[in-house]
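Q: Quick one: the structure is below, questions incoming.
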Amino acid sequence: MKIQLKQYLSAISNEQADALETLTFLVGDSDDPNTNPSEWGRFPHQKTVSERFNRAQKRNATTKPFTTDLPNDKGTRVSFWQVKADLSTFEYLSLARKVAQQTVAQGSETVTVQLQKLPVTTHKPLVDALISALYAANWPLTSFKSRKKDKKPTKRLHIYGLKTLVDTKQSVATAEGTNVARDLTRLPPNVLTPGEYRKRIRQLATQFGWQHKFYNKTQLEQKKAGAFIAVLAASENPTGGLVHLRYQPARRPTKTLALVGKGLCYDTGGINLKPAKFMYGMHEDMGGSAVALGTLIALSRLKVDYAIDCYLALAVNDIGPMGYRPNDVITASNGTTIEIVHTDAEGRMVLADTLAIASKAKPDLMIDYATLTGSCVAALGTTYSGAFTNREEFHDDVIAAGRKSGERVWPFPQDKDFDAALNSKIADIKQCTVGGGPDHILAARFLNRFVDKRVPWIHVDLAAGNHKGGLAHIPTETTGFGVRFTVDLLQSKVFAN
Ligand SMILES: [Zn+2]
């Protein structure tokens with residue numbers, strides 16, 4: 001899907017406005033509640049619009065946005081959205097979602113927006129937010145409804161009133177990555193089996209020119225990846241395993257980034273079976289892998305000059321007689337022995353071996369994404385995601401990238417004394433505790449045991465992977481959260497220098 005973008009350094013003329021079906025104005029907000037279109041700088045048919053606004057105001061009937069039809073042959077429908085100058089990126093994205101919803105409902109293939117009397121500092125974030133929201137609103141998400149809605153997709157976005165042209169490469173690249181992740185994550189578990197997922201990943205690898213390798217159960221056994229295999233054990237003829245993709249830049253790279261994702265195509269909980277309320281929705285437990293993949297797509301589109309190794313841990317946490325059990329002791333690929341406590345803590349099992357394998361190549365930075373713990377959701381809700389790192393000095397940049405991207409992330413502590421909760425009487429470490437406690441922090445401490453200390457590492461627990469009613473610019477509950485955050489984070493001193 002592609003939306004053609006045109007940016008204009010001029011204001012829209014009367015003739016241009018009269019030729020349109022719809023026209024959206026984003027207007028600088030004033031602290032004065034009596035603000036009137038006559039004070040909004042010059043725009044087509046301003047006098048008529050002002051008079052109508054005043055009449056509506058007298059009747060207490062002004063709508064937000066104020067919407068009216070221009071007195072021309074087309075009856076151009078104009079809407080005026082008032083924008084405050086000091087919004088956060090999250091707020092710009094949230095506003096843009098409403099604008100996109102309105103323009104999609106109006107059904108015009110061309111969305112025309114005029115920035116009216118807005119401070120120049122708002123232009124770039126507004127252009128980014130509009131692009132991101134229009135891509136999200138129009139992305140052709142897979143649907144299994146027998147009657148499809150025939151809404152017309154947006155094909156063009158024309159923005160008038162800019163001071164300078166805005167570079168939109170990153171907005172478009174992250175939109176594609178986010179929406180691919182969102183679509184994959186929404187797919188039902190009988191459609192997106194690990195085998196089908198692998199097929200789609202192979203197609204993407206061909207499209208983007210990534211190197212592609214797959215390690216099946218037998219090959220993981222050869223790597224002594226006992227933690228990963230424990231999760232595959234309950235499935236009959238498992239099609240899961242470890243996918244390794246590599247992006248190689250045009251010129252010899254000086255740095256390597258590793259992206260890791262949890263890809264549980266379904267999570268029943270295993271022998272510690274989930275109750276109905278918590279099992280429903282567990283096809284989204286592969287969201288972390290989709291975000292890693294979406295990030296790889298965005299960075300490939302941006303033609304970054306470093307190499308990227310992307311590891312996707314694909315499996316289904318099934319129930320079956322061969323499944324792993326609490327009290328089992330399992331040996332991971334780095335030799336660490338793990339006492340199993342709860343089979344629903346399978347995410348950290350596949351990630352343990354995947355992080356150990358990814359560490360071996362000594363990347364300059366490693367980031368993993370996982371819908372890992374309920375306690376992270378309990379701690380943050382679902383509008384933020386949690387971050388955990390073995391480099392505490394990253395905290396400020398992690399928070400800043402969350403704010404800059406509008407995908408807000410907050411760090412949690414990683415002090416060594418948390419490890420006491422994972423002491424095992426029989427093995428090197430317990431997988432988790434039997435219940436309660438700061439499981440999101442303990443999960444990160446557990447994973448830390450499988451990461452080479454020399455590798456700077458950030459673990460993202462995707463609490464905001466699903467948010468009721470949509471989040472920021474994303475209209476669906478499945479958010480694809482993490483792609484925008486990562487692309488901004490990689491431009492901070494965490495990775496760029
Ligand atoms: Zn689980």
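Chain labels follow the order of the structure tokens: the first chain is A, the next B, and so on; residue numbering restarts at 1 in every chain, and ligands are counted from 1 in their shown order.
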What residues have any atom no more than 7 Å from ligand 1 when counting only C-alpha atoms and all ligand atoms, and can you list them as a list of chain:residue names?

A: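 The distance check yields A:Asp267, A:Gly269, A:Asp344, A:Ala345, A:Glu346, A:Gly347.
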
Q: Selection from above, N, CA and C atoms, as a PDB file, in the first residue's frame, can you write it?

A:
ATOM      1  N   ASP A 267      -0.443 -19.620  22.714  1.00  0.00           N
ATOM      2  CA  ASP A 267       0.024 -19.939  24.056  1.00  0.00           C
ATOM      3  C   ASP A 267      -1.139 -20.428  24.892  1.00  0.00           C
ATOM      4  N   GLY A 269      -0.607 -22.022  27.609  1.00  0.00           N
ATOM      5  CA  GLY A 269      -0.077 -22.098  28.972  1.00  0.00           C
ATOM      6  C   GLY A 269       0.657 -23.409  29.207  1.00  0.00           C
ATOM      7  N   ASP A 344       3.621 -21.897  31.710  1.00  0.00           N
ATOM      8  CA  ASP A 344       3.142 -20.713  30.989  1.00  0.00           C
ATOM      9  C   ASP A 344       4.241 -19.644  30.875  1.00  0.00           C
ATOM     10  N   ALA A 345       5.374 -19.858  31.518  1.00  0.00           N
ATOM     11  CA  ALA A 345       6.492 -18.926  31.368  1.00  0.00           C
ATOM     12  C   ALA A 345       7.386 -19.421  30.234  1.00  0.00           C
ATOM     13  N   GLU A 346       6.746 -19.754  29.102  1.00  0.00           N
ATOM     14  CA  GLU A 346       7.476 -20.353  27.970  1.00  0.00           C
ATOM     15  C   GLU A 346       8.251 -19.308  27.173  1.00  0.00           C
ATOM     16  N   GLY A 347       7.777 -18.049  27.220  1.00  0.00           N
ATOM     17  CA  GLY A 347       8.428 -16.989  26.439  1.00  0.00           C
ATOM     18  C   GLY A 347       9.884 -16.843  26.824  1.00  0.00           C
TER      19      GLY A 347
END

Q: Which residues come within 12 Å of Lys149 of chain A, counting only C-alpha atoms, excluding same-chain residues fewer than 6 positions away, as a tab-separated table (two decimals) with C-alpha atoms, in the first residue's frame?

A:
chain	number	residue	atom	x	y	z
A	105	ALA	CA	-15.42	8.24	6.46
A	140	PRO	CA	-5.48	-3.49	4.11
A	141	LEU	CA	-5.69	-5.65	7.25
A	143	SER	CA	-10.30	-9.90	7.30

Q: Could you state the separation of atom CA of Gly270 of chain A and atom CA of Gly323 of chain A in Å, given to one decimal place?

A: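 Computing it gives 7.2 Å between the two atoms.
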
Q: A:Ala307, A:Ile426, A:Leu264, A:Leu5: which is nearest Thr371 of chain A, counting only C-alpha atoms?

A: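 Comparing A:Ala307, A:Ile426, A:Leu264, A:Leu5 against Thr371 of chain A, the winner is A:Leu264.
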
Q: Write out as a VMD selection string the set of residues from segment 278-480 of chain A that DSSP, computed on the backbone, places in alpha helix (DSSP H).

A: chain A and resid 278 to 279 287 to 301 346 to 359 374 to 380 395 to 405 439 to 448

Q: Counting only C-alpha atoms, which of A:Ala463, A:Ala420, A:Leu351, A:Met286 gets nearest to Gly374 of chain A?

A: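 Nearest candidate to Gly374 of chain A out of A:Ala463, A:Ala420, A:Leu351, A:Met286: A:Ala463.
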
Q: When you count only C-alpha atoms, which of these residues is closest to Lys169 of chain A: A:Met282, A:Ala352, A:Val398, A:Ile131?

A: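 Using only C-alpha atoms, the shortest distance to Lys169 of chain A belongs to A:Ile131.
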
Q: Counting only C-alpha atoms, which of A:Thr178, A:Thr112, A:Gln248, A:Gln222 gets nearest to Gly288 of chain A?

A: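 For Gly288 of chain A, the nearest of the candidates is A:Thr178.
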
Q: Please, which residues of segment 111-265 of chain A, numbered as in this document, come out strand (DSSP E) from DSSP, as number ranges by chain?

A: A: 111-116, 156-160, 211-215, 241-247, 256-265

Q: What's the separation between atom CA of Ile3 of chain A and atom CA of Trp139 of chain A, in Å to one decimal place?

A: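 Computing the Euclidean distance for atom CA of Ile3 of chain A and atom CA of Trp139 of chain A yields 10.1 Å.
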
Q: Calculate how many Å separate atom CA of Leu242 of chain A from atom CA of Ala444 of chain A, rounding to one decimal.

A: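 These two atoms are separated by 20.4 Å.
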
Q: With distances taken over only C-alpha atoms, which of A:Ser94, A:Gln46, A:Thr254, A:Thr337 is nearest to Leu471 of chain A?

A: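 Looking only at the distances to Leu471 of chain A, the closest residue turns out to be A:Ser94.
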
Q: If we count only C-alpha atoms and set the cut-off at 8 Å, which residues sit around Ala313 of chain A, ignoring sequence neighbours fewer than 4 positions away in its own chain? Please answer as a list in words.

A: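 The residues satisfying every condition are Gly240, Gly241, Leu242, Val243, Val260, Gly261, Lys262, Gly263, Leu264, Ser289, Val350, Leu351 and Thr354 of chain A.
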
Q: Just N, CA and C atoms for this one: save the residues we selected as an mmCIF file, in the first residue's frame.

A:
data_model
loop_
_atom_site.group_PDB
_atom_site.id
_atom_site.type_symbol
_atom_site.label_atom_id
_atom_site.label_comp_id
_atom_site.auth_asym_id
_atom_site.auth_seq_id
_atom_site.Cartn_x
_atom_site.Cartn_y
_atom_site.Cartn_z
ATOM 1 N N GLY A 240 7.705 -24.992 14.416
ATOM 2 C CA GLY A 240 8.439 -23.855 14.982
ATOM 3 C C GLY A 240 9.935 -24.105 14.981
ATOM 4 N N GLY A 241 10.660 -23.115 15.441
ATOM 5 C CA GLY A 241 12.118 -23.181 15.484
ATOM 6 C C GLY A 241 12.645 -21.767 15.447
ATOM 7 N N LEU A 242 13.936 -21.637 15.132
ATOM 8 C CA LEU A 242 14.570 -20.319 15.172
ATOM 9 C C LEU A 242 14.866 -19.817 13.761
ATOM 10 N N VAL A 243 14.273 -18.672 13.423
ATOM 11 C CA VAL A 243 14.546 -18.030 12.131
ATOM 12 C C VAL A 243 15.650 -16.997 12.340
ATOM 13 N N VAL A 260 15.662 -9.391 18.389
ATOM 14 C CA VAL A 260 15.180 -10.708 18.792
ATOM 15 C C VAL A 260 13.699 -10.584 19.115
ATOM 16 N N GLY A 261 12.899 -11.576 18.688
ATOM 17 C CA GLY A 261 11.470 -11.490 18.987
ATOM 18 C C GLY A 261 10.885 -12.813 19.441
ATOM 19 N N LYS A 262 9.987 -12.712 20.421
ATOM 20 C CA LYS A 262 9.240 -13.889 20.883
ATOM 21 C C LYS A 262 8.094 -14.148 19.918
ATOM 22 N N GLY A 263 8.047 -15.337 19.347
ATOM 23 C CA GLY A 263 7.027 -15.653 18.348
ATOM 24 C C GLY A 263 6.175 -16.844 18.717
ATOM 25 N N LEU A 264 5.416 -16.723 19.809
ATOM 26 C CA LEU A 264 4.516 -17.811 20.200
ATOM 27 C C LEU A 264 3.200 -17.667 19.445
ATOM 28 N N SER A 289 7.863 -11.012 17.909
ATOM 29 C CA SER A 289 8.582 -11.374 16.671
ATOM 30 C C SER A 289 8.108 -10.501 15.515
ATOM 31 N N VAL A 350 12.108 -19.838 25.305
ATOM 32 C CA VAL A 350 12.593 -19.739 23.909
ATOM 33 C C VAL A 350 13.562 -18.565 23.774
ATOM 34 N N LEU A 351 13.315 -17.483 24.533
ATOM 35 C CA LEU A 351 14.197 -16.317 24.447
ATOM 36 C C LEU A 351 15.566 -16.608 25.053
ATOM 37 N N THR A 354 17.584 -18.193 22.440
ATOM 38 C CA THR A 354 17.726 -17.281 21.305
ATOM 39 C C THR A 354 18.692 -16.148 21.654
#
